[in-house]
Amino acid sequence: MGNSFIPADYFPIVLQLFAAIGFVAVTMLATHYIGPKRKTADKLANFECGIEQQGDARSPISVKYFLVAILFVLFDVEVIFMYPWAVNFREFGITGFLEMFTFVGFLLAGFFYLLKKGALDWE
């Protein structure tokens, strides 16, 4: 009883994929053609959570804002690598512990480097 690839086994998955894509396409087309098309100045105006619009939307934003956002994503993704280790740490034994210790060490070294460079200091 080996694992052999039989294309017919994947037919239900492919059928469901086409049904889902078809449903989305038909729904989008139907709402586009059936829905009302009354365009007014109020509907076309930008809506800012009920607050009157002020200034230009393209006002300069500090690069530090984006740097903090990227660093958050970077360190958040690093935690994803820690989760499987935490679930299976007994199977990995001392070798897995040392590897994760090294990983966290590199992570902390990068964090302290960022602190030293002032990447998280706001002016």
# chains A, B, ... in the order shown; residues from 1 in each chain; ligands from 1
>>> residues_around(residues="Leu67 (chain A)", least_positions_apart="3", cutoff="12 Å", atoms="only C-alpha atoms", output="PDB file with N, CA and C atoms, in the first residue's frame")
ATOM      1  N   ILE A  61       5.833  61.985   6.559  1.00  0.00           N
ATOM      2  CA  ILE A  61       5.817  61.239   7.813  1.00  0.00           C
ATOM      3  C   ILE A  61       7.252  60.808   8.095  1.00  0.00           C
ATOM      4  N   SER A  62       7.624  60.846   9.332  1.00  0.00           N
ATOM      5  CA  SER A  62       8.984  60.492   9.715  1.00  0.00           C
ATOM      6  C   SER A  62       9.309  59.055   9.301  1.00  0.00           C
ATOM      7  N   VAL A  63      10.516  58.872   8.818  1.00  0.00           N
ATOM      8  CA  VAL A  63      10.973  57.540   8.429  1.00  0.00           C
ATOM      9  C   VAL A  63      11.026  56.625   9.648  1.00  0.00           C
ATOM     10  N   LYS A  64      11.212  57.199  10.821  1.00  0.00           N
ATOM     11  CA  LYS A  64      11.273  56.387  12.044  1.00  0.00           C
ATOM     12  C   LYS A  64       9.973  55.621  12.263  1.00  0.00           C
ATOM     13  N   ILE A  70       8.526  48.243  10.529  1.00  0.00           N
ATOM     14  CA  ILE A  70       9.277  47.134   9.933  1.00  0.00           C
ATOM     15  C   ILE A  70       9.950  46.303  11.015  1.00  0.00           C
ATOM     16  N   LEU A  71      10.496  46.965  12.023  1.00  0.00           N
ATOM     17  CA  LEU A  71      11.142  46.228  13.109  1.00  0.00           C
ATOM     18  C   LEU A  71      10.129  45.393  13.880  1.00  0.00           C
ATOM     19  N   PHE A  72       8.922  45.930  14.062  1.00  0.00           N
ATOM     20  CA  PHE A  72       7.875  45.158  14.724  1.00  0.00           C
ATOM     21  C   PHE A  72       7.563  43.895  13.932  1.00  0.00           C
ATOM     22  N   VAL A  73       7.410  44.027  12.630  1.00  0.00           N
ATOM     23  CA  VAL A  73       7.127  42.857  11.796  1.00  0.00           C
ATOM     24  C   VAL A  73       8.284  41.874  11.864  1.00  0.00           C
ATOM     25  N   LEU A  74       9.504  42.371  11.804  1.00  0.00           N
ATOM     26  CA  LEU A  74      10.677  41.496  11.864  1.00  0.00           C
ATOM     27  C   LEU A  74      10.705  40.693  13.152  1.00  0.00           C
ATOM     28  N   LEU A 114      20.067  47.788  17.396  1.00  0.00           N
ATOM     29  CA  LEU A 114      19.085  48.814  17.051  1.00  0.00           C
ATOM     30  C   LEU A 114      18.955  49.863  18.142  1.00  0.00           C
ATOM     31  N   GLY A 118      19.986  53.938  17.959  1.00  0.00           N
ATOM     32  CA  GLY A 118      18.935  54.922  18.178  1.00  0.00           C
ATOM     33  C   GLY A 118      17.740  54.749  17.267  1.00  0.00           C
ATOM     34  N   ALA A 119      17.538  53.562  16.728  1.00  0.00           N
ATOM     35  CA  ALA A 119      16.432  53.336  15.804  1.00  0.00           C
ATOM     36  C   ALA A 119      15.084  53.479  16.480  1.00  0.00           C
ATOM     37  N   LEU A 120      15.042  53.290  17.783  1.00  0.00           N
ATOM     38  CA  LEU A 120      13.760  53.375  18.496  1.00  0.00           C
ATOM     39  C   LEU A 120      13.623  54.662  19.288  1.00  0.00           C
ATOM     40  N   ASP A 121      14.571  55.587  19.152  1.00  0.00           N
ATOM     41  CA  ASP A 121      14.485  56.862  19.866  1.00  0.00           C
ATOM     42  C   ASP A 121      13.634  57.843  19.057  1.00  0.00           C
ATOM     43  N   TRP A 122      12.615  58.406  19.687  1.00  0.00           N
ATOM     44  CA  TRP A 122      11.761  59.397  19.034  1.00  0.00           C
ATOM     45  C   TRP A 122      12.216  60.781  19.471  1.00  0.00           C
TER      46      TRP A 122
END
>>> residues_around(residues="region 93-102 of chain A", least_positions_apart="3", cutoff="12 Å", atoms="only C-alpha atoms", output="list in words")
Glu78, Val79, Phe81, Met82, Tyr83, Pro84, Trp85, Ala86, Val87, Asn88, Phe89, Arg90, Gly105, Phe106, Leu107, Leu108 and Ala109 of chain A
